[in-house]
Amino acid sequence: MSKRIEKRTVDMRIIGEWVEKDARVLDLGCGRGELLDYLLQTKQVSGVGVDLDFERIAACVRRGVTAYQGDMMAFLHAFPEKHFDRVICSRTVQELNRPAEVILEALRAGRALTVGFVNHGFWKNRLYALFQGRKLRNAVYTTEWHESRPANPLSIADFEAFCREKNIRVTRRVHLLGDWKTPCPIFPNLLAGYALYDLTK
Amino acid sequence: MIFNGLVTDDVDIPPAADSAPRHLAEGDVGLVQSRDFVHAHPFTLKNGQALSGFTLRYETYGTLNATRTNAVLICHALSGDHHCAGWHSPEDRKPGWWNNLIGPGKAVDTRRFYVVCANVLGGCQGSTGPSSIDPATGRPYGSSFPFVTIRDMVHAQKLLLDHLGIAELHAVIGGSMGGMMALLSAIEFPHLVRRVLAMATTARESAQAIAFNEVGRQAIMQDPAWNHGDYPRDGGPRVGLAIARMMAHITYVSDASMDRKFGRRKKDTAAADAYTLDPQFEVEGYLRHQAQSFINRFDANSYLYISRALDEFDLEQAYGSLEQAFAPVHAESLVVGFASDWLFPPEQNRAVALALLRSGKRASYAELATDLGHDSFLLQSPELYGLVRGFLERESVAFEFTI
């Protein structure tokens, strides 16, 4: 398995454990529907994804995952309080225009919000910035600055501070080392490559 | 003539380059025949009036499987009909209106599916409508024909399906008014419909869409030849119907697509610096051509009745809310909007998908970025074909991720 595919399965592994059977799940930034497909088959969830790209929506439809093409904020606004059992925001937060608004709105429309993100405070990323002095490029961020979408690089420390500031309750957190597999025992902001949070409000 | 990728209504399709018979082209259903379903029992419409019976003209392509579960119902739009694919004769100028979508190996694959399409109740292409003879008087119904709703069309269509022995539809597909019919079929007959594919549609028309329909109706009714709906078969308000069609046609396309197709180009016959009211611009000639061919095939009273049915369609009002309207639905739905559709804009298509999701139904929404306006659902687009095929055929991919 290539490094990228391997990294793709981290969300399935962890989020798959967190998602309750038969839950009503919303995946913000669902891509081609791999995660929802997995949850459909392993947890029999009723799931829907949101993405901006037509081809990705078509890929979801093809594999039997329902999906909505459009803006995730407008989508969330269309649903009553706690309509979804769980909203998932996997590797999406760093690309949002107004992350705080989306996270708070997701916590209104959903009972729980799961966020997974690459920790930019990871020591290798710090060294890359220190020695290369250039925009981060690695197995996840493969593109040059001029071919990337705008991103807000965030770290575990940033995210923890945000949750405290907004009174968001962290019910579960998983920090993984650079292999995105081994649990990170100490100093997560320095030693963890990937972080997953389960939130409620 | 191909209008920038869009096969427009009433426009000639050129013969194939090798001059092989077009109906024998690969992927074409070939020569097809219409049939009539006669319902010889009273049929009560939503407004309480009854017809002593009715006829629906329809076509089918492909073969119904042994379990009778592969039927796909196609619903047409305001000016459409039951002839949605294939050719009636090798001499036809054009095939059925959705020939690009339906056929062996096409997005709606007639090797897999048994495709059924009927002319709506109230129509004028062989189904019972205002131009049919009222058995009570021996004369055309005219405006004594009972008001028809989308619900009546859907219920009449259900009787046809019963007649064909179809108790389960693999899918019902429609654009514009056909999309309304598709949605309503899934609401009214939840156990009949497994998949709904509604394109360029709405749960209720906006004031603007009603306004355009009203201008069309006024053009017809202000034509003295309309005569309160009482006119001979070969006569009637031809001028009024032509104007209604010209205006409506503008609402089916977009500023950008008209500009690309015609711009300000003048006709060959246009005089330089002419101050004349004769058509000077190509777009004028095009609209007149559209109108001319439309009045030769469409009945003015049917136009009044069907456009009124479109205006009256309102799922929110009929069921209390969209969520309540969709509550009985069993089907999985796919709603497709088109970015440049300003008649039934993307927002109204999104509203349908969102309400289905709020009701806890399986629903998807996809949007194509074409600039061809409302008629984009007739577009020759590999993206659209792929989406439709994916929804109908659903790859059964074995799960590929091992943890």
# chains A, B, ... in the order shown; residues from 1 in each chain; ligands from 1
$ interface_residues --of "chain B" --to "chain A" --cutoff "6 Å" --atoms "only C-alpha atoms" --output "list of chain:residue names"
B:Ala363, B:Ser364, B:Tyr365, B:Ala366, B:Leu387, B:Gly390, B:Phe391, B:Arg394, B:Glu395
$ write_last_selection --atoms "N, CA and C atoms" --output "compact mmCIF listing (two decimals), in the first residue's frame"
# COMPACT_ATOMS: atom_id res chain seq x y z
N ALA B 363 -31.02 11.09 -0.69
CA ALA B 363 -31.11 12.04 -1.80
C ALA B 363 -29.75 12.65 -2.08
N SER B 364 -29.50 12.91 -3.36
CA SER B 364 -28.26 13.57 -3.77
C SER B 364 -28.60 14.77 -4.63
N TYR B 365 -27.68 15.72 -4.65
CA TYR B 365 -27.83 16.88 -5.53
C TYR B 365 -26.53 17.10 -6.28
N ALA B 366 -26.63 17.23 -7.60
CA ALA B 366 -25.46 17.55 -8.42
C ALA B 366 -25.82 18.71 -9.32
N LEU B 387 -23.28 10.60 -14.83
CA LEU B 387 -24.04 10.74 -13.58
C LEU B 387 -25.31 9.88 -13.64
N GLY B 390 -24.45 6.19 -13.63
CA GLY B 390 -23.99 5.79 -12.30
C GLY B 390 -25.16 5.63 -11.33
N PHE B 391 -26.12 6.53 -11.44
CA PHE B 391 -27.28 6.47 -10.55
C PHE B 391 -28.16 5.27 -10.87
N ARG B 394 -25.34 1.83 -10.76
CA ARG B 394 -24.64 1.63 -9.51
C ARG B 394 -23.60 0.53 -9.56
N GLU B 395 -22.35 0.92 -9.72
CA GLU B 395 -21.27 -0.07 -9.68
C GLU B 395 -21.34 -0.80 -8.35
$ select_by_dssp --residues "region 158-390 of chain B" --states "alpha helix (DSSP H)" --output "ChimeraX atom specification"
/B:158-163,177-188,207-221,238-252,255-261,282-295,300-312,315-319,322-326,346-358,382-390
$ residues_around --residues "Val116 (chain B)" --least-positions-apart "3" --cutoff "7 Å" --atoms "only C-alpha atoms" --output "PyMOL selection string"
chain B and resi 59-61+72-74
$ write_last_selection --atoms "C-alpha atoms" --output "PDB file, in the first residue's frame"
ATOM      1  CA  GLU B  59     -43.826   4.187 -26.494  1.00  0.00           C
ATOM      2  CA  THR B  60     -41.632   1.507 -24.999  1.00  0.00           C
ATOM      3  CA  TYR B  61     -38.066   0.493 -25.788  1.00  0.00           C
ATOM      4  CA  VAL B  72     -37.743   3.074 -16.354  1.00  0.00           C
ATOM      5  CA  LEU B  73     -40.441   5.691 -16.767  1.00  0.00           C
ATOM      6  CA  ILE B  74     -39.574   8.879 -18.649  1.00  0.00           C
TER       7      ILE B  74
END
$ select_by_dssp --residues "region 39-280 of chain B" --states "strand (DSSP E)" --output "PyMOL selection string"
chain B and resi 39+43-44+50-51+54-61+71-75+102-103+108-109+114-118+133-134+139-140+169-175+195-199
$ write_last_selection --atoms "C-alpha atoms" --output "PDB file, in the first residue's frame"
ATOM      1  CA  HIS B  39     -58.777   3.483 -20.075  1.00  0.00           C
ATOM      2  CA  PHE B  43     -61.520   8.957 -14.290  1.00  0.00           C
ATOM      3  CA  THR B  44     -62.103  11.651 -11.702  1.00  0.00           C
ATOM      4  CA  ALA B  50     -64.632  13.358 -14.412  1.00  0.00           C
ATOM      5  CA  LEU B  51     -63.722  12.081 -17.839  1.00  0.00           C
ATOM      6  CA  PHE B  54     -59.109   8.522 -21.581  1.00  0.00           C
ATOM      7  CA  THR B  55     -56.359   7.461 -23.936  1.00  0.00           C
ATOM      8  CA  LEU B  56     -52.625   7.758 -23.306  1.00  0.00           C
ATOM      9  CA  ARG B  57     -50.288   7.423 -26.263  1.00  0.00           C
ATOM     10  CA  TYR B  58     -46.990   5.861 -25.267  1.00  0.00           C
ATOM     11  CA  GLU B  59     -43.826   4.187 -26.494  1.00  0.00           C
ATOM     12  CA  THR B  60     -41.632   1.507 -24.999  1.00  0.00           C
ATOM     13  CA  TYR B  61     -38.066   0.493 -25.788  1.00  0.00           C
ATOM     14  CA  ALA B  71     -38.879  -0.549 -16.127  1.00  0.00           C
ATOM     15  CA  VAL B  72     -37.743   3.074 -16.354  1.00  0.00           C
ATOM     16  CA  LEU B  73     -40.441   5.691 -16.767  1.00  0.00           C
ATOM     17  CA  ILE B  74     -39.574   8.879 -18.649  1.00  0.00           C
ATOM     18  CA  CYS B  75     -41.688  11.998 -18.029  1.00  0.00           C
ATOM     19  CA  ILE B 102     -31.800   6.709 -24.234  1.00  0.00           C
ATOM     20  CA  GLY B 103     -30.699   3.719 -26.326  1.00  0.00           C
ATOM     21  CA  VAL B 108     -30.410   4.968 -20.001  1.00  0.00           C
ATOM     22  CA  ASP B 109     -29.389   1.642 -21.501  1.00  0.00           C
ATOM     23  CA  TYR B 114     -37.507  -1.332 -20.330  1.00  0.00           C
ATOM     24  CA  VAL B 115     -38.182   2.336 -21.055  1.00  0.00           C
ATOM     25  CA  VAL B 116     -41.747   3.665 -20.995  1.00  0.00           C
ATOM     26  CA  CYS B 117     -42.804   7.170 -21.944  1.00  0.00           C
ATOM     27  CA  ALA B 118     -46.363   8.468 -22.296  1.00  0.00           C
ATOM     28  CA  ILE B 133     -63.389  14.663 -29.296  1.00  0.00           C
ATOM     29  CA  ASP B 134     -65.790  14.810 -26.363  1.00  0.00           C
ATOM     30  CA  ARG B 139     -66.940  17.944 -30.966  1.00  0.00           C
ATOM     31  CA  PRO B 140     -63.520  18.792 -29.508  1.00  0.00           C
ATOM     32  CA  LEU B 169     -40.186   1.089 -11.436  1.00  0.00           C
ATOM     33  CA  HIS B 170     -36.422   0.839 -11.406  1.00  0.00           C
ATOM     34  CA  ALA B 171     -36.484   4.594 -11.913  1.00  0.00           C
ATOM     35  CA  VAL B 172     -38.623   7.494 -12.980  1.00  0.00           C
ATOM     36  CA  ILE B 173     -36.773  10.246 -14.830  1.00  0.00           C
ATOM     37  CA  GLY B 174     -37.856  13.678 -15.931  1.00  0.00           C
ATOM     38  CA  GLY B 175     -36.714  17.232 -16.567  1.00  0.00           C
ATOM     39  CA  ARG B 195     -35.269   5.750  -7.899  1.00  0.00           C
ATOM     40  CA  VAL B 196     -36.191   9.314  -8.807  1.00  0.00           C
ATOM     41  CA  LEU B 197     -34.039  11.364 -11.153  1.00  0.00           C
ATOM     42  CA  ALA B 198     -35.396  14.906 -11.363  1.00  0.00           C
ATOM     43  CA  MET B 199     -33.572  17.531 -13.399  1.00  0.00           C
TER      44      MET B 199
END
$ closest_atom_pairs --of "region 109-142 of chain A" --to "region 151-171 of chain A" --cutoff "6 Å" --atoms "only C-alpha atoms" --output "tab-separated table"
residue	atom	partner	partner_atom	distance
A:Asn119	CA	A:Ser155	CA	4.6
A:His120	CA	A:Ser155	CA	4.8
A:Gly121	CA	A:Ser155	CA	4.9
$ residues_around --residues "Thr251 (chain B)" --least-positions-apart "3" --cutoff "7 Å" --atoms "only C-alpha atoms" --output "list of chain:residue names"
B:Met247, B:Ala248, B:Leu343
$ atom_distance --atom1 "CA of Glu105 (chain A)" --atom2 "CA of Ala355 (chain B)"
18.6 Å
$ closest_residue --among "A:Gly193, A:Gly133, A:Pro183, A:Gly29" --to "Asp71 (chain A)" --atoms "only C-alpha atoms"
A:Gly29
